[in-house]
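Read through the structure below, which is laid out as structure tokens, and then see the notes.
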Amino acid sequence: MASGRLSAVIAGGGIGGLATAIALSQRGVDVRVCERRVAFPEEGAGIQIGPNGARVLAELGVEEFLRDKVARPDALIVHDGATGRELARFPLADWIEQRHGAPYWTLHRRDLHHALRRRAEGDPRIVLSPGNEIVGFANDPEGVTAEGMNGEEHRASLLVAADGLWSRLRTQISGSAASLHPVGKTAFRSVAGANALPRELASNAVHIWLTAGAHAVHYPVSGGRDVALVVIADSTTADEGWDRPAAGEAVKQKTGVFAAPFRSLVERAPEWRQWSLYRTQPLVRWTSGRAALLGDAAHPILPFFAQGAVMALEDAATLAARVASSNGDIASSLSAYEMERRPRVAKVAAASVRNGRVYHMSGPAAFARDTVLRMRSGARIMAGFDWLYGWRL
Ligand SMILES: Cc1cc2nc3c(=O)[nH]c(=O)nc-3n(C[C@H](O)[C@H](O)[C@H](O)COP(=O)(O)OP(=O)(O)OC[C@H]3O[C@@H](n4cnc5c(N)ncnc54)[C@H](O)[C@@H]3O)c2cc1C
């Protein structure tokens with residue numbers, strides 16, 4: 001630990017860990033990012049980044065690495081999944097950018113991760129350390145010592161555990177074992193060339209398809225050259241881990257009731273991966289002395305609102321700002337970060353659970369949902385999310 005200068009060890013080189021490294025470095029903190037895997041992770045498919053996340057990425061100086069990688073959809077279109085009929089159209093593009101001062105982006109998760117990594121690699125205050133799993137830590141009055149898998153020790157002013165859904169450091173920091181519960185749904189994801197889109201779906205938009213017990217989303221990525229697809233459906237099995245191959249036949253079976261244009265897109269998708277969805281009870285605490293949890297490690301969020309990674313970005317900006325104004329009292333600054341983030345994340349997590357319920361409704365409840373969607377103005381509904389997309393530090 002350099003005397004007089006703050007330093008941080010970050011466990012986890014995902015979106016949250018890299019964003020935190022850049023945000024801390026911008027405030028003069030020396031950072032080491034320890035990533036368990038030998039190669040920084042590349043998995044995933046598409047990701048939507050609302051204005052609240054795009055603003056953080058711009059402030060981190062990551063935007064320039066994303067230039068030809070992002071799409072800026074014109075609208076979010078909701079379909080009745082079985083008939084394909086359009087139920088609602090919500091404005092994005094200029095409408096949302098003018099409202100919130102930042103764009104709504106859709107992109108390949110790999111491109112977002114690359115951009116963060118390239119930005120971090122060019123930063124003299126950041127050391128990236130792949131193949132380096134952090135297994136525990138010890139606080140003392142002068143600093144914190146993070147323990148690596150092979151007995152190595154990393155000394156710093158603070159430790160950020162951005163080690164994801166299956167966090168190893170969560171129990172030590174939160175003081176109680178937090179078990180993850182499968183929610184009985186699986187996400188299937190794929191990326192196809194944009195030419196896989198049937199003509200009627202070839203608009204520059206996020207499309208959401210709703211049926212009982214399953215919904216699907218697709219949107220442009222790679223600057224519009226590809227399309228990312230997600231199908232989330234009821235499932236009786238749950239697998240641990242992020243990224244598993246899935247049989248195309250299983251996805252076809254889950255989407256058998258969907259309208260023909262969507263089924264033809266599923267037919268043309270080259271390769272599917274799958275993730276079981278989990279939730280956990282809110283943790284007793286996110287911090288312990290000089291160590292703090294961040295991103296999915298602190299608060300796994302179901303993906304029905306496309307906000308998990310965005311919450312990790314907001315966490316990163318908040319944590320760095322509180323540490324920078326800490327006057328050396330790291331533990332208090334981390335507590336301030338937790339106090340600030342908890343209500344926000346709880347609100348987004350609850351909205352995501354609600355969305356999941358609404359998306360998968362059946363019978364009269366689905367009929368009532370569709371009626372409301374058809375009658376209300378899309379702009380009016382979107383304006384109801386100003387609290388979400390208008391977030392500022
Ligand atoms: C189907 C689906 C769709 C989604 N869509 C969206 C979306 O559109 N928009 C959005 O904002 N979010 C979305 N999300 C959520 C988003 O993917 C996560 O919230 C986000 O990846 C969390 O980032 P993270 O950095 O906290 O964790 P992760 O991305 O999981 O990164 C954790 C990293 O830590 C490493 N690691 C683990 N343990 C250790 C250790 N002990 N030491 C060192 N390194 C370690 C891992 O290898 C990994 O690289 C979606 C999620 C799912 C499942």
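In the structure tokens, the first chain shown is A, the next is B, and so on; residue numbers restart at 1 for each chain, and ligands run from 1 in the order shown.
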
Write out as JSON, numbers by chain the set of residues from range 32-273 of chain A that DSSP, computed on the backbone, places in strand (DSSP E).
{"A": [32, 33, 34, 35, 46, 47, 48, 49, 75, 76, 77, 78, 79, 80, 86, 87, 88, 89, 90, 91, 105, 106, 107, 108, 126, 127, 128, 129, 130, 134, 135, 136, 137, 138, 139, 140, 143, 144, 145, 146, 147, 148, 153, 154, 155, 156, 158, 159, 160, 161, 180, 181, 182, 183, 184, 185, 186, 187, 188, 189, 190, 191, 192, 193, 205, 206, 207, 208, 209, 210, 211, 214, 215, 216, 217, 218, 219, 220, 221, 226, 227, 228, 229, 230, 231, 232, 233, 234, 244, 245, 246, 272, 273]}

Fewer than 3 positions away in the same chain doesn't count, so skip those; otherwise give me all residues within 7 Å of Trp275 in chain A, counting only C-alpha atoms, as an NGL selection string.
:A and (186-188 or 242-244)

Please, could you write that set of residues out with all heavy atoms as a CSV table (one decimal), in the first residue's frame?
chain,number,residue,atom,x,y,z
A,186,THR,N,-35.6,-20.3,-16.7
A,186,THR,CA,-34.3,-20.3,-17.3
A,186,THR,C,-34.3,-19.3,-18.5
A,186,THR,O,-35.3,-19.1,-19.2
A,186,THR,CB,-34.1,-21.8,-17.9
A,186,THR,OG1,-34.1,-22.7,-16.8
A,186,THR,CG2,-32.8,-21.9,-18.7
A,187,ALA,N,-33.1,-18.7,-18.6
A,187,ALA,CA,-32.9,-17.7,-19.7
A,187,ALA,C,-32.1,-18.4,-20.8
A,187,ALA,O,-31.1,-19.0,-20.5
A,187,ALA,CB,-32.2,-16.5,-19.2
A,188,PHE,N,-32.6,-18.4,-22.0
A,188,PHE,CA,-31.8,-18.9,-23.2
A,188,PHE,C,-31.4,-17.7,-24.0
A,188,PHE,O,-32.2,-16.8,-24.3
A,188,PHE,CB,-32.7,-19.8,-24.0
A,188,PHE,CG,-33.3,-21.0,-23.3
A,188,PHE,CD1,-34.5,-20.9,-22.6
A,188,PHE,CD2,-32.6,-22.2,-23.3
A,188,PHE,CE1,-35.0,-22.0,-21.9
A,188,PHE,CE2,-33.1,-23.3,-22.6
A,188,PHE,CZ,-34.3,-23.2,-21.9
A,242,TRP,N,-23.0,-19.7,-14.9
A,242,TRP,CA,-23.5,-18.6,-15.8
A,242,TRP,C,-23.9,-19.1,-17.2
A,242,TRP,O,-24.9,-18.7,-17.7
A,242,TRP,CB,-22.3,-17.7,-16.0
A,242,TRP,CG,-22.4,-16.4,-15.3
A,242,TRP,CD1,-21.6,-15.9,-14.3
A,242,TRP,CD2,-23.3,-15.3,-15.7
A,242,TRP,NE1,-22.0,-14.7,-14.0
A,242,TRP,CE2,-23.0,-14.3,-14.8
A,242,TRP,CE3,-24.3,-15.2,-16.6
A,242,TRP,CZ2,-23.7,-13.1,-14.8
A,242,TRP,CZ3,-25.0,-14.0,-16.6
A,242,TRP,CH2,-24.7,-13.0,-15.7
A,243,ASP,N,-23.1,-19.9,-17.7
A,243,ASP,CA,-23.1,-20.0,-19.2
A,243,ASP,C,-23.0,-21.4,-19.6
A,243,ASP,O,-21.9,-22.0,-19.6
A,243,ASP,CB,-21.8,-19.2,-19.6
A,243,ASP,CG,-21.8,-19.1,-21.1
A,243,ASP,OD1,-22.8,-19.1,-21.8
A,243,ASP,OD2,-20.6,-19.0,-21.7
A,244,ARG,N,-24.1,-22.0,-20.0
A,244,ARG,CA,-24.1,-23.4,-20.5
A,244,ARG,C,-24.7,-23.5,-21.8
A,244,ARG,O,-25.6,-22.8,-22.2
A,244,ARG,CB,-24.9,-24.3,-19.5
A,244,ARG,CG,-24.3,-24.4,-18.2
A,244,ARG,CD,-25.3,-25.0,-17.2
A,244,ARG,NE,-24.7,-25.0,-15.9
A,244,ARG,CZ,-23.9,-25.9,-15.5
A,244,ARG,NH1,-23.6,-26.9,-16.3
A,244,ARG,NH2,-23.3,-25.9,-14.3

For the interface of range 309-377 of chain A with range 9-18 of chain A (cut-off 8 Å, counting only C-alpha atoms), please tabulate each contacting residue of range 309-377 of chain A alongside its nearest pair of atoms and their separation in Å to one decimal, rows sorted by chain and increasing number, as CSV.
residue,atom,partner,partner_atom,distance
A:Ala309,CA,A:Ile15,CA,6.7
A:Ala312,CA,A:Gly16,CA,4.8
A:Leu313,CA,A:Gly16,CA,5.9
A:Asp315,CA,A:Gly16,CA,7.8
A:Ala316,CA,A:Gly16,CA,6.5

With the cut-off set at 12 Å and counting only C-alpha atoms, tabulate each residue of range 20-114 of chain A with an atom at most that distance from an atom of range 350-364 of chain A, showing the nearest atom pair and its distance in Å to one decimal, ordered by chain and increasing number, as a Markdown table.
| residue | atom | partner | partner_atom | distance |
| --- | --- | --- | --- | --- |
| A:Val78 | CA | A:Tyr359 | CA | 10.1 |
| A:His79 | CA | A:Tyr359 | CA | 10.8 |
| A:Asp80 | CA | A:Tyr359 | CA | 10.3 |
| A:Gly81 | CA | A:Tyr359 | CA | 10.3 |
| A:Ala82 | CA | A:Ser362 | CA | 11.7 |

So which one's closest to ligand 1, A:Arg225, A:Arg27, A:His299, A:Arg118? Using only C-alpha atoms and all ligand atoms, please.
A:His299

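Considering the residues A:Val227, A:Leu294, A:Ala321, A:Val70 and counting only C-alpha atoms, Arg170 in chain A has its shortest atom-to-atom contact with A:Leu294.
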
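Note that CA of Ile77 in chain A and CA of His207 in chain A are 4.8 Å apart.
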
For the structure I just gave you, how does DSSP split range 31-245 of chain A - specifically, which residues are alpha helix (DSSP H)? Reply as a VMD selection string.
chain A and resid 51 to 59 93 to 100 109 to 121 170 to 174

Dump of N, CA and C atoms for the selected residues, as a compact mmCIF listing (two decimals), in the first residue's frame:
# COMPACT_ATOMS: atom_id res chain seq x y z
N PRO A 51 -30.25 4.77 -20.10
CA PRO A 51 -29.51 6.03 -19.95
C PRO A 51 -28.78 6.14 -18.62
N ASN A 52 -29.34 5.54 -17.56
CA ASN A 52 -28.67 5.63 -16.26
C ASN A 52 -27.32 4.91 -16.28
N GLY A 53 -27.19 3.85 -17.11
CA GLY A 53 -25.90 3.17 -17.23
C GLY A 53 -25.01 3.82 -18.29
N ALA A 54 -25.62 4.27 -19.39
CA ALA A 54 -24.83 4.90 -20.47
C ALA A 54 -24.15 6.16 -19.95
N ARG A 55 -24.83 6.88 -19.06
CA ARG A 55 -24.24 8.10 -18.49
C ARG A 55 -22.99 7.75 -17.68
N VAL A 56 -23.06 6.69 -16.89
CA VAL A 56 -21.88 6.28 -16.10
C VAL A 56 -20.75 5.89 -17.05
N LEU A 57 -21.07 5.14 -18.09
CA LEU A 57 -20.01 4.71 -19.03
C LEU A 57 -19.36 5.92 -19.69
N ALA A 58 -20.14 6.94 -20.02
CA ALA A 58 -19.56 8.15 -20.63
C ALA A 58 -18.63 8.82 -19.62
N GLU A 59 -19.07 8.90 -18.37
CA GLU A 59 -18.24 9.55 -17.35
C GLU A 59 -16.95 8.77 -17.09
N ALA A 93 -34.47 6.13 -28.52
CA ALA A 93 -33.67 7.03 -29.37
C ALA A 93 -33.67 8.47 -28.85
N ASP A 94 -34.05 9.44 -29.72
CA ASP A 94 -33.96 10.87 -29.34
C ASP A 94 -34.84 11.18 -28.12
N TRP A 95 -36.02 10.54 -28.08
CA TRP A 95 -36.96 10.86 -27.00
C TRP A 95 -36.31 10.63 -25.64
N ILE A 96 -35.70 9.47 -25.48
CA ILE A 96 -35.16 9.15 -24.14
C ILE A 96 -33.84 9.88 -23.91
N GLU A 97 -33.08 10.06 -24.98
CA GLU A 97 -31.78 10.75 -24.83
C GLU A 97 -32.00 12.22 -24.44
N GLN A 98 -33.01 12.85 -25.08
CA GLN A 98 -33.27 14.25 -24.72
C GLN A 98 -33.82 14.36 -23.30
N ARG A 99 -34.58 13.38 -22.91
CA ARG A 99 -35.20 13.42 -21.57
C ARG A 99 -34.17 13.23 -20.46
N HIS A 100 -33.20 12.34 -20.72
CA HIS A 100 -32.28 11.97 -19.64
C HIS A 100 -30.82 12.33 -19.91
N ARG A 109 -22.67 -8.13 -24.92
CA ARG A 109 -22.04 -8.04 -23.61
C ARG A 109 -20.51 -8.11 -23.72
N ARG A 110 -20.04 -8.93 -24.66
CA ARG A 110 -18.60 -9.07 -24.88
C ARG A 110 -17.99 -7.71 -25.28
N ASP A 111 -18.72 -6.93 -26.09
CA ASP A 111 -18.20 -5.63 -26.52
C ASP A 111 -18.13 -4.65 -25.36
N LEU A 112 -19.12 -4.73 -24.47
CA LEU A 112 -19.08 -3.86 -23.29
C LEU A 112 -17.88 -4.23 -22.42
N HIS A 113 -17.68 -5.52 -22.25
CA HIS A 113 -16.58 -5.97 -21.41
C HIS A 113 -15.23 -5.58 -22.02
N HIS A 114 -15.09 -5.76 -23.34
CA HIS A 114 -13.86 -5.35 -24.04
C HIS A 114 -13.58 -3.87 -23.85
N ALA A 115 -14.63 -3.08 -24.00
CA ALA A 115 -14.46 -1.63 -23.91
C ALA A 115 -13.97 -1.23 -22.52
N LEU A 116 -14.58 -1.83 -21.48
CA LEU A 116 -14.13 -1.54 -20.12
C LEU A 116 -12.69 -1.97 -19.93
N ARG A 117 -12.36 -3.13 -20.48
CA ARG A 117 -11.00 -3.66 -20.30
C ARG A 117 -9.98 -2.79 -21.03
N ARG A 118 -10.32 -2.39 -22.24
CA ARG A 118 -9.36 -1.54 -22.99
C ARG A 118 -9.14 -0.22 -22.26
N ARG A 119 -10.22 0.34 -21.74
CA ARG A 119 -10.10 1.59 -20.99
C ARG A 119 -9.23 1.37 -19.75
N ALA A 120 -9.42 0.24 -19.06
CA ALA A 120 -8.64 -0.05 -17.84
C ALA A 120 -7.18 -0.33 -18.19
N GLU A 121 -6.96 -1.06 -19.28
CA GLU A 121 -5.58 -1.41 -19.66
C GLU A 121 -4.74 -0.18 -19.97
N ARG A 170 -19.08 -13.11 -0.31
CA ARG A 170 -20.35 -12.58 0.22
C ARG A 170 -20.56 -12.96 1.69
N THR A 171 -20.32 -14.23 2.01
CA THR A 171 -20.60 -14.68 3.37
C THR A 171 -19.69 -13.99 4.38
N GLN A 172 -18.40 -13.86 4.04
CA GLN A 172 -17.49 -13.22 4.99
C GLN A 172 -17.85 -11.75 5.20
N ILE A 173 -18.25 -11.07 4.14
CA ILE A 173 -18.56 -9.64 4.27
C ILE A 173 -19.92 -9.43 4.92
N SER A 174 -20.92 -10.19 4.51
CA SER A 174 -22.28 -9.91 5.01
C SER A 174 -22.52 -10.53 6.38

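CA of Pro270 in chain A to CA of Asp68 in chain A spans 23.0 Å [interatomic distance, one decimal].
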
Taking only C-alpha atoms and all ligand atoms into account, which of A:Ser190, A:Gln307, A:Ser25, A:Ser203 comes nearest ligand 1?
A:Gln307

Pick out the residues sitting within 10 Å of range 341-345 of chain A, and hand them over as a ChimeraX atom specification; count only C-alpha atoms, and ignore anything fewer than 4 positions along from it in its own chain.
/A:282-283,285-286,294-295,298-301,307-308,311-312,314-315,318-319,335-337,349-351,387-388,391

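Nearest residue to Leu201 in chain A among A:Leu107, A:Ala233, A:Val33, A:Leu265 is A:Leu265, counting only C-alpha atoms.
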
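Distances here use only C-alpha atoms and all ligand atoms; by that measure, the residue among A:Leu6, A:Ile49, A:Ala21, A:Ala194 closest to ligand 1 is A:Ile49.
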
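Shortest separation to Thr145 in chain A among A:Ala383, A:Ala8, A:Ala269, A:Ala23 occurs at residue A:Ala8, atoms counted being only C-alpha atoms.
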